[in-house]
2 protein chains.
Amino acid sequence: MKLYDLVLSGNCYKVRLFASFIDTPLTIVPVDFMNGEHKTEAILKLNPWGEIPILEDGSVILRDSQAILVYLANKYGGEAWWPSEAHLQADVMQWLSVASNEIQHGPNVARLIKKFGLESDWEQASERSHSILTLIDNHLGSHHWLAASRPTIADCAVYPYISTAHEGDIDIDSYRNIQVWMNRLQQLPNYISMPGN
Amino acid sequence: MKLYDLVLSGNCYKVRLFASFIDTPLTIVPVDFMNGEHKTEAILKLNPWGEIPILEDGSVILRDSQAILVYLANKYGGEAWWPSEAHLQADVMQWLSVASNEIQHGPNVARLIKKFGLESDWEQASERSHSILTLIDNHLGSHHWLAASRPTIADCAVYPYISTAHEGDIDIDSYRNIQVWMNRLQQLPNYISMPGN
């Protein structure tokens with residue numbers, strides 16, 4: 001199973017992290033993002049979005065890190081990480097949307113601006129970051145994990161761009177419950193880090 | 001089952017639309033969005049995000065329209081709308097992320113600016129809209145539906161803000177495959193419209 005990957009991408013890292021948690025080996029195919037390899041014909045054929053990560057598992061080809069987490073959980077991770085019961089799965093799903101929406105356009109964009117020179121509105125990204133960080137911190141005041149009573153793919157999806165938020169000049173030191181949750185996640189068996197977290 | 005609803009919200013409409021497709025009755029609780037009712041204590045207790053839709057089904061309370069679609073499909077809609085097989089479910093999931101990310105920050109934001117006076121960057125929202133509309137139009141050149149060979153919650157999630165994109169001054173007339181797909185969706189049994197589409 002191949003992962004088209006960039007080591008500095010939080011979206012790629014969330015796939016590597018979850019695959020490690022469930023002890024599923026990935027063949028890493030590095031994509032030279034800085035030189036625009038993700039916009040070449042070979043990659044666009046796999047993913048017309050021109051983005052990574054891309055997962056290739058036999059004839060199955062998937063873009064979007066949240067969809068890849070759902071696939072890996074269904075196929076290799078099992079019920080604990082992606083529950084099948086309706087209200088539990090929807091609870092996890094709420095956080096996959098947070099990863100696609102508020103996290104993507106908050107701490108991820110702030111980091112792209114400060115670390116990779118993206119031309120965009122840092123003030124807006126910062127405001128969005130603190131808005132979602134406040135909601136998450138409040139939630140974690142009464143929950144050990146984002147969804148359910150155990151780690152799920154919700155935690156894997158949300159963690160990467162929070163744990164690297166400081167690279168976008170988003171200070172998360174004051175979010176005490178988030179600090180405790182990050183530490184809890186880092187203690188899970190098979191946890192792996194990425195540069196910056 | 002209660003839906004806290006705003007008739008002009010595409011995110012609320014996607015829930016009403018899917019519930020209609022699967023013939024599941026909803027008790028509509030109108031929320032006075034224009035006067036800020038979604039930021040009152042009663043609503044914040046149900047959804048700390050201060051957003052609608054919110055679904056209340058007995059003791060289950062859910063925010064986020066994509067999570068609500070997943071819940072309704074699992075509980076009332078069945079396999080056809082939200083397949084359980086790993087790669088098929090991940091295929092649908094890719095489009096739920098598109099709804100949370102590119103559609104939310106593209107045609108939805110453009111409409112919020114033009115129709116509701118949101119202060120934000122219309123040029124950026126327009127660029128994002130045409131970027132995702134081009135990808136969707138290309139995809140629909142060789143697919144009848146966004147995922148699988150039949151309508152799924154992917155179509156329900158992506159359709160609302162495309163069918164009302166013109167209200168954000170996003171012209172979709174030139175996207176021929178999208179036009180055909182919208183028409184196809186509108187012909188499904190129990191289709192309902194919203195103001196503007």
# chains A, B, ... in the order shown; residues from 1 in each chain; ligands from 1

$ residues_around --residues "region 48-62 of chain B" --least-positions-apart "6" --cutoff "6 Å" --atoms "only C-alpha atoms" --output "list in words"
Met1, Lys2, Leu3, Tyr4, Asp5, Cys12, His38 and Lys39 of chain B

$ interface_residues --of "chain B" --to "chain A" --cutoff "7 Å" --atoms "only C-alpha atoms" --output "compact mmCIF listing (two decimals) with all heavy atoms, in the first residue's frame"
# COMPACT_ATOMS: atom_id res chain seq x y z
N VAL B 60 -29.70 11.88 21.27
CA VAL B 60 -28.61 12.19 20.33
C VAL B 60 -28.74 13.63 19.84
O VAL B 60 -29.78 14.02 19.30
CB VAL B 60 -28.64 11.22 19.12
CG1 VAL B 60 -27.60 11.63 18.08
CG2 VAL B 60 -28.40 9.79 19.58
N ARG B 63 -24.30 18.40 15.67
CA ARG B 63 -24.03 19.57 14.84
C ARG B 63 -23.34 19.08 13.57
O ARG B 63 -23.02 17.90 13.46
CB ARG B 63 -23.12 20.55 15.59
CG ARG B 63 -21.78 19.94 15.97
CD ARG B 63 -20.78 20.91 16.57
NE ARG B 63 -19.63 20.15 17.04
CZ ARG B 63 -18.62 19.76 16.28
NH1 ARG B 63 -18.61 20.06 15.00
NH2 ARG B 63 -17.62 19.06 16.78
N ASP B 64 -23.09 19.99 12.63
CA ASP B 64 -22.36 19.73 11.39
C ASP B 64 -23.22 18.94 10.40
O ASP B 64 -23.57 17.77 10.66
CB ASP B 64 -21.04 18.98 11.63
CG ASP B 64 -20.31 18.70 10.31
OD1 ASP B 64 -19.95 19.67 9.62
OD2 ASP B 64 -20.16 17.54 9.96
N ALA B 67 -22.03 15.41 9.32
CA ALA B 67 -22.21 14.40 10.37
C ALA B 67 -23.68 13.99 10.49
O ALA B 67 -24.00 12.82 10.71
CB ALA B 67 -21.70 14.92 11.71
N ILE B 68 -24.57 14.96 10.31
CA ILE B 68 -26.00 14.66 10.37
C ILE B 68 -26.40 13.75 9.21
O ILE B 68 -27.18 12.81 9.38
CB ILE B 68 -26.83 15.97 10.41
CG1 ILE B 68 -26.55 16.73 11.72
CG2 ILE B 68 -28.32 15.68 10.26
CD1 ILE B 68 -27.17 18.12 11.80
N VAL B 70 -24.47 11.57 7.71
CA VAL B 70 -23.93 10.24 8.03
C VAL B 70 -24.84 9.54 9.05
O VAL B 70 -25.16 8.35 8.91
CB VAL B 70 -22.48 10.35 8.57
CG1 VAL B 70 -22.04 9.07 9.25
CG2 VAL B 70 -21.53 10.70 7.43
N TYR B 71 -25.28 10.28 10.05
CA TYR B 71 -26.17 9.71 11.07
C TYR B 71 -27.49 9.24 10.46
O TYR B 71 -27.91 8.09 10.67
CB TYR B 71 -26.44 10.76 12.16
CG TYR B 71 -27.42 10.29 13.20
CD1 TYR B 71 -27.05 9.40 14.20
CD2 TYR B 71 -28.75 10.73 13.18
CE1 TYR B 71 -27.96 8.96 15.15
CE2 TYR B 71 -29.67 10.30 14.13
CZ TYR B 71 -29.27 9.41 15.11
OH TYR B 71 -30.17 8.98 16.06
N ASN B 74 -26.95 6.17 8.21
CA ASN B 74 -26.72 4.96 8.99
C ASN B 74 -28.00 4.45 9.65
O ASN B 74 -28.29 3.26 9.67
CB ASN B 74 -25.69 5.22 10.10
CG ASN B 74 -24.26 4.96 9.64
OD1 ASN B 74 -24.00 4.04 8.87
ND2 ASN B 74 -23.32 5.77 10.12
N LYS B 75 -28.75 5.39 10.20
CA LYS B 75 -29.89 4.98 11.02
C LYS B 75 -31.17 4.75 10.21
O LYS B 75 -31.93 3.84 10.51
CB LYS B 75 -30.13 6.04 12.11
CG LYS B 75 -31.13 5.59 13.15
CD LYS B 75 -30.75 5.94 14.56
CE LYS B 75 -31.68 5.27 15.57
NZ LYS B 75 -31.74 5.99 16.82
N ALA B 86 -15.36 -0.56 2.46
CA ALA B 86 -14.31 0.43 2.75
C ALA B 86 -14.05 1.42 1.63
O ALA B 86 -14.09 2.63 1.84
CB ALA B 86 -13.01 -0.30 3.14
N HIS B 87 -13.80 0.94 0.41
CA HIS B 87 -13.39 1.91 -0.62
C HIS B 87 -14.58 2.72 -1.13
O HIS B 87 -14.44 3.87 -1.53
CB HIS B 87 -12.64 1.22 -1.77
CG HIS B 87 -13.49 0.50 -2.75
ND1 HIS B 87 -13.89 -0.80 -2.56
CD2 HIS B 87 -14.02 0.88 -3.93
CE1 HIS B 87 -14.64 -1.18 -3.59
NE2 HIS B 87 -14.73 -0.18 -4.43
N ALA B 90 -15.19 5.41 1.53
CA ALA B 90 -14.13 6.43 1.43
C ALA B 90 -14.37 7.34 0.21
O ALA B 90 -14.08 8.54 0.25
CB ALA B 90 -12.76 5.77 1.35
N MET B 93 -16.84 9.71 1.30
CA MET B 93 -16.20 10.58 2.30
C MET B 93 -15.38 11.69 1.65
O MET B 93 -15.34 12.82 2.14
CB MET B 93 -15.32 9.72 3.22
CG MET B 93 -14.64 10.48 4.33
SD MET B 93 -15.81 11.21 5.54
CE MET B 93 -14.89 12.70 5.95
N GLN B 94 -14.72 11.38 0.54
CA GLN B 94 -13.95 12.41 -0.17
C GLN B 94 -14.83 13.63 -0.48
O GLN B 94 -14.40 14.78 -0.36
CB GLN B 94 -13.41 11.86 -1.50
CG GLN B 94 -12.34 10.81 -1.34
CD GLN B 94 -11.84 10.26 -2.68
OE1 GLN B 94 -10.66 9.98 -2.82
NE2 GLN B 94 -12.72 10.11 -3.65
N SER B 97 -15.78 15.78 2.56
CA SER B 97 -14.71 16.74 2.83
C SER B 97 -14.77 17.92 1.87
O SER B 97 -14.52 19.06 2.26
CB SER B 97 -13.34 16.07 2.73
OG SER B 97 -13.15 15.15 3.79
N SER B 100 -17.29 20.24 3.21
CA SER B 100 -16.82 20.96 4.41
C SER B 100 -15.75 21.99 4.09
O SER B 100 -15.61 22.99 4.79
CB SER B 100 -16.21 19.99 5.42
OG SER B 100 -17.18 19.17 5.97
N ASN B 101 -14.98 21.72 3.06
CA ASN B 101 -13.82 22.56 2.77
C ASN B 101 -14.07 23.46 1.55
O ASN B 101 -14.46 24.62 1.68
CB ASN B 101 -12.60 21.62 2.57
CG ASN B 101 -11.31 22.34 2.23
OD1 ASN B 101 -11.29 23.56 2.05
ND2 ASN B 101 -10.23 21.60 2.11

$ residues_around --residues "Asn183 (chain B)" --least-positions-apart "4" --cutoff "12 Å" --atoms "only C-alpha atoms" --output "JSON list (two decimals) with C-alpha atoms, in the first residue's frame"
[["chain", "number", "residue", "atom", "x", "y", "z"],
["B", 144, "HIS", "CA", -23.57, 10.12, -13.33],
["B", 145, "TRP", "CA", -23.20, 10.80, -9.61],
["B", 159, "TYR", "CA", -25.59, 20.12, -4.30],
["B", 163, "SER", "CA", -27.50, 25.10, -6.91],
["B", 176, "ARG", "CA", -22.46, 21.64, -18.58],
["B", 177, "ASN", "CA", -21.91, 18.40, -16.68],
["B", 178, "ILE", "CA", -22.90, 20.08, -13.41],
["B", 179, "GLN", "CA", -26.09, 21.32, -15.08],
["B", 187, "GLN", "CA", -35.71, 14.31, -10.93],
["B", 188, "LEU", "CA", -35.21, 11.93, -7.97],
["B", 191, "TYR", "CA", -36.82, 15.96, -4.32],
["B", 193, "SER", "CA", -36.15, 22.71, -3.42],
["B", 197, "ASN", "CA", -32.51, 26.89, -6.46]]

$ atom_distance --atom1 "CA of Arg184 (chain A)" --atom2 "CA of Ala110 (chain A)"
24.9 Å

$ decode --residues "region 51-97 of chain A" --atoms "N, CA and C atoms" --output "PDB file, in the first residue's frame"
ATOM      1  N   GLU A  51      -3.105  17.397  -5.117  1.00  0.00           N
ATOM      2  CA  GLU A  51      -2.742  17.518  -3.696  1.00  0.00           C
ATOM      3  C   GLU A  51      -2.276  16.170  -3.172  1.00  0.00           C
ATOM      4  N   ILE A  52      -1.501  16.206  -2.124  1.00  0.00           N
ATOM      5  CA  ILE A  52      -1.164  15.002  -1.388  1.00  0.00           C
ATOM      6  C   ILE A  52      -1.666  15.170   0.043  1.00  0.00           C
ATOM      7  N   PRO A  53      -1.916  14.078   0.752  1.00  0.00           N
ATOM      8  CA  PRO A  53      -1.585  12.690   0.446  1.00  0.00           C
ATOM      9  C   PRO A  53      -2.500  12.066  -0.614  1.00  0.00           C
ATOM     10  N   ILE A  54      -1.972  10.998  -1.227  1.00  0.00           N
ATOM     11  CA  ILE A  54      -2.764  10.082  -2.059  1.00  0.00           C
ATOM     12  C   ILE A  54      -2.436   8.679  -1.559  1.00  0.00           C
ATOM     13  N   LEU A  55      -3.464   7.872  -1.377  1.00  0.00           N
ATOM     14  CA  LEU A  55      -3.262   6.477  -0.981  1.00  0.00           C
ATOM     15  C   LEU A  55      -3.571   5.564  -2.159  1.00  0.00           C
ATOM     16  N   GLU A  56      -2.696   4.621  -2.404  1.00  0.00           N
ATOM     17  CA  GLU A  56      -2.925   3.638  -3.473  1.00  0.00           C
ATOM     18  C   GLU A  56      -2.843   2.252  -2.842  1.00  0.00           C
ATOM     19  N   ASP A  57      -3.977   1.548  -2.843  1.00  0.00           N
ATOM     20  CA  ASP A  57      -4.047   0.208  -2.242  1.00  0.00           C
ATOM     21  C   ASP A  57      -4.624  -0.728  -3.304  1.00  0.00           C
ATOM     22  N   GLY A  58      -3.757  -1.353  -4.075  1.00  0.00           N
ATOM     23  CA  GLY A  58      -4.231  -2.134  -5.219  1.00  0.00           C
ATOM     24  C   GLY A  58      -4.904  -1.215  -6.208  1.00  0.00           C
ATOM     25  N   SER A  59      -6.155  -1.509  -6.543  1.00  0.00           N
ATOM     26  CA  SER A  59      -6.875  -0.675  -7.519  1.00  0.00           C
ATOM     27  C   SER A  59      -7.568   0.522  -6.866  1.00  0.00           C
ATOM     28  N   VAL A  60      -7.502   0.608  -5.544  1.00  0.00           N
ATOM     29  CA  VAL A  60      -8.144   1.721  -4.826  1.00  0.00           C
ATOM     30  C   VAL A  60      -7.191   2.909  -4.762  1.00  0.00           C
ATOM     31  N   ILE A  61      -7.634   4.051  -5.256  1.00  0.00           N
ATOM     32  CA  ILE A  61      -6.837   5.279  -5.188  1.00  0.00           C
ATOM     33  C   ILE A  61      -7.679   6.345  -4.512  1.00  0.00           C
ATOM     34  N   LEU A  62      -7.139   6.928  -3.449  1.00  0.00           N
ATOM     35  CA  LEU A  62      -7.903   7.900  -2.665  1.00  0.00           C
ATOM     36  C   LEU A  62      -7.127   9.180  -2.424  1.00  0.00           C
ATOM     37  N   ARG A  63      -7.824  10.300  -2.570  1.00  0.00           N
ATOM     38  CA  ARG A  63      -7.317  11.605  -2.147  1.00  0.00           C
ATOM     39  C   ARG A  63      -8.042  11.971  -0.854  1.00  0.00           C
ATOM     40  N   ASP A  64      -7.657  13.067  -0.235  1.00  0.00           N
ATOM     41  CA  ASP A  64      -8.276  13.636   0.975  1.00  0.00           C
ATOM     42  C   ASP A  64      -7.924  12.816   2.215  1.00  0.00           C
ATOM     43  N   SER A  65      -7.230  13.470   3.132  1.00  0.00           N
ATOM     44  CA  SER A  65      -6.705  12.745   4.291  1.00  0.00           C
ATOM     45  C   SER A  65      -7.819  12.164   5.170  1.00  0.00           C
ATOM     46  N   GLN A  66      -8.956  12.867   5.276  1.00  0.00           N
ATOM     47  CA  GLN A  66     -10.048  12.318   6.100  1.00  0.00           C
ATOM     48  C   GLN A  66     -10.609  11.035   5.471  1.00  0.00           C
ATOM     49  N   ALA A  67     -10.787  11.056   4.156  1.00  0.00           N
ATOM     50  CA  ALA A  67     -11.299   9.861   3.466  1.00  0.00           C
ATOM     51  C   ALA A  67     -10.321   8.696   3.609  1.00  0.00           C
ATOM     52  N   ILE A  68      -9.026   9.009   3.572  1.00  0.00           N
ATOM     53  CA  ILE A  68      -8.015   7.954   3.727  1.00  0.00           C
ATOM     54  C   ILE A  68      -8.081   7.356   5.140  1.00  0.00           C
ATOM     55  N   LEU A  69      -8.285   8.207   6.146  1.00  0.00           N
ATOM     56  CA  LEU A  69      -8.436   7.681   7.514  1.00  0.00           C
ATOM     57  C   LEU A  69      -9.647   6.749   7.610  1.00  0.00           C
ATOM     58  N   VAL A  70     -10.759   7.156   7.019  1.00  0.00           N
ATOM     59  CA  VAL A  70     -11.973   6.328   7.044  1.00  0.00           C
ATOM     60  C   VAL A  70     -11.702   4.986   6.355  1.00  0.00           C
ATOM     61  N   TYR A  71     -11.016   5.039   5.225  1.00  0.00           N
ATOM     62  CA  TYR A  71     -10.690   3.797   4.496  1.00  0.00           C
ATOM     63  C   TYR A  71      -9.812   2.873   5.335  1.00  0.00           C
ATOM     64  N   LEU A  72      -8.742   3.421   5.865  1.00  0.00           N
ATOM     65  CA  LEU A  72      -7.807   2.596   6.658  1.00  0.00           C
ATOM     66  C   LEU A  72      -8.487   2.028   7.897  1.00  0.00           C
ATOM     67  N   ALA A  73      -9.341   2.848   8.535  1.00  0.00           N
ATOM     68  CA  ALA A  73     -10.037   2.379   9.733  1.00  0.00           C
ATOM     69  C   ALA A  73     -10.999   1.252   9.387  1.00  0.00           C
ATOM     70  N   ASN A  74     -11.766   1.435   8.318  1.00  0.00           N
ATOM     71  CA  ASN A  74     -12.713   0.389   7.899  1.00  0.00           C
ATOM     72  C   ASN A  74     -12.002  -0.901   7.530  1.00  0.00           C
ATOM     73  N   LYS A  75     -10.894  -0.758   6.814  1.00  0.00           N
ATOM     74  CA  LYS A  75     -10.260  -1.947   6.244  1.00  0.00           C
ATOM     75  C   LYS A  75      -9.261  -2.600   7.194  1.00  0.00           C
ATOM     76  N   TYR A  76      -8.529  -1.774   7.947  1.00  0.00           N
ATOM     77  CA  TYR A  76      -7.429  -2.330   8.755  1.00  0.00           C
ATOM     78  C   TYR A  76      -7.510  -1.971  10.245  1.00  0.00           C
ATOM     79  N   GLY A  77      -8.236  -0.911  10.587  1.00  0.00           N
ATOM     80  CA  GLY A  77      -8.166  -0.399  11.963  1.00  0.00           C
ATOM     81  C   GLY A  77      -9.227  -0.943  12.883  1.00  0.00           C
ATOM     82  N   GLY A  78     -10.408  -1.125  12.344  1.00  0.00           N
ATOM     83  CA  GLY A  78     -11.486  -1.719  13.126  1.00  0.00           C
ATOM     84  C   GLY A  78     -12.344  -0.724  13.878  1.00  0.00           C
ATOM     85  N   GLU A  79     -13.361  -1.308  14.473  1.00  0.00           N
ATOM     86  CA  GLU A  79     -14.458  -0.623  15.162  1.00  0.00           C
ATOM     87  C   GLU A  79     -14.000   0.442  16.178  1.00  0.00           C
ATOM     88  N   ALA A  80     -12.910   0.164  16.894  1.00  0.00           N
ATOM     89  CA  ALA A  80     -12.506   1.087  17.956  1.00  0.00           C
ATOM     90  C   ALA A  80     -12.203   2.480  17.402  1.00  0.00           C
ATOM     91  N   TRP A  81     -11.587   2.525  16.220  1.00  0.00           N
ATOM     92  CA  TRP A  81     -11.144   3.814  15.666  1.00  0.00           C
ATOM     93  C   TRP A  81     -12.218   4.523  14.857  1.00  0.00           C
ATOM     94  N   TRP A  82     -13.193   3.762  14.357  1.00  0.00           N
ATOM     95  CA  TRP A  82     -14.260   4.321  13.499  1.00  0.00           C
ATOM     96  C   TRP A  82     -15.499   3.481  13.745  1.00  0.00           C
ATOM     97  N   PRO A  83     -16.234   3.842  14.824  1.00  0.00           N
ATOM     98  CA  PRO A  83     -17.360   3.016  15.245  1.00  0.00           C
ATOM     99  C   PRO A  83     -18.449   2.948  14.178  1.00  0.00           C
ATOM    100  N   SER A  84     -19.139   1.820  14.101  1.00  0.00           N
ATOM    101  CA  SER A  84     -20.189   1.670  13.088  1.00  0.00           C
ATOM    102  C   SER A  84     -21.553   2.119  13.608  1.00  0.00           C
ATOM    103  N   GLU A  85     -21.718   2.167  14.902  1.00  0.00           N
ATOM    104  CA  GLU A  85     -23.019   2.564  15.466  1.00  0.00           C
ATOM    105  C   GLU A  85     -23.305   4.032  15.089  1.00  0.00           C
ATOM    106  N   ALA A  86     -24.568   4.280  14.681  1.00  0.00           N
ATOM    107  CA  ALA A  86     -24.907   5.561  14.030  1.00  0.00           C
ATOM    108  C   ALA A  86     -24.464   6.809  14.803  1.00  0.00           C
ATOM    109  N   HIS A  87     -24.831   6.929  16.076  1.00  0.00           N
ATOM    110  CA  HIS A  87     -24.536   8.203  16.748  1.00  0.00           C
ATOM    111  C   HIS A  87     -23.059   8.315  17.101  1.00  0.00           C
ATOM    112  N   LEU A  88     -22.385   7.180  17.317  1.00  0.00           N
ATOM    113  CA  LEU A  88     -20.947   7.232  17.602  1.00  0.00           C
ATOM    114  C   LEU A  88     -20.154   7.607  16.343  1.00  0.00           C
ATOM    115  N   GLN A  89     -20.541   7.018  15.203  1.00  0.00           N
ATOM    116  CA  GLN A  89     -19.849   7.355  13.955  1.00  0.00           C
ATOM    117  C   GLN A  89     -20.073   8.840  13.609  1.00  0.00           C
ATOM    118  N   ALA A  90     -21.302   9.321  13.830  1.00  0.00           N
ATOM    119  CA  ALA A  90     -21.584  10.732  13.540  1.00  0.00           C
ATOM    120  C   ALA A  90     -20.776  11.650  14.458  1.00  0.00           C
ATOM    121  N   ASP A  91     -20.569  11.211  15.696  1.00  0.00           N
ATOM    122  CA  ASP A  91     -19.758  11.995  16.631  1.00  0.00           C
ATOM    123  C   ASP A  91     -18.328  12.144  16.086  1.00  0.00           C
ATOM    124  N   VAL A  92     -17.747  11.054  15.624  1.00  0.00           N
ATOM    125  CA  VAL A  92     -16.412  11.119  15.005  1.00  0.00           C
ATOM    126  C   VAL A  92     -16.459  11.994  13.752  1.00  0.00           C
ATOM    127  N   MET A  93     -17.518  11.818  12.974  1.00  0.00           N
ATOM    128  CA  MET A  93     -17.650  12.558  11.720  1.00  0.00           C
ATOM    129  C   MET A  93     -17.658  14.058  11.932  1.00  0.00           C
ATOM    130  N   GLN A  94     -18.270  14.505  13.027  1.00  0.00           N
ATOM    131  CA  GLN A  94     -18.258  15.943  13.333  1.00  0.00           C
ATOM    132  C   GLN A  94     -16.828  16.479  13.355  1.00  0.00           C
ATOM    133  N   TRP A  95     -15.911  15.683  13.897  1.00  0.00           N
ATOM    134  CA  TRP A  95     -14.524  16.130  14.034  1.00  0.00           C
ATOM    135  C   TRP A  95     -13.755  15.987  12.729  1.00  0.00           C
ATOM    136  N   LEU A  96     -14.167  15.066  11.867  1.00  0.00           N
ATOM    137  CA  LEU A  96     -13.535  15.004  10.536  1.00  0.00           C
ATOM    138  C   LEU A  96     -13.892  16.265   9.747  1.00  0.00           C
ATOM    139  N   SER A  97     -15.118  16.757   9.939  1.00  0.00           N
ATOM    140  CA  SER A  97     -15.492  18.028   9.300  1.00  0.00           C
ATOM    141  C   SER A  97     -14.705  19.196   9.891  1.00  0.00           C
TER     142      SER A  97
END
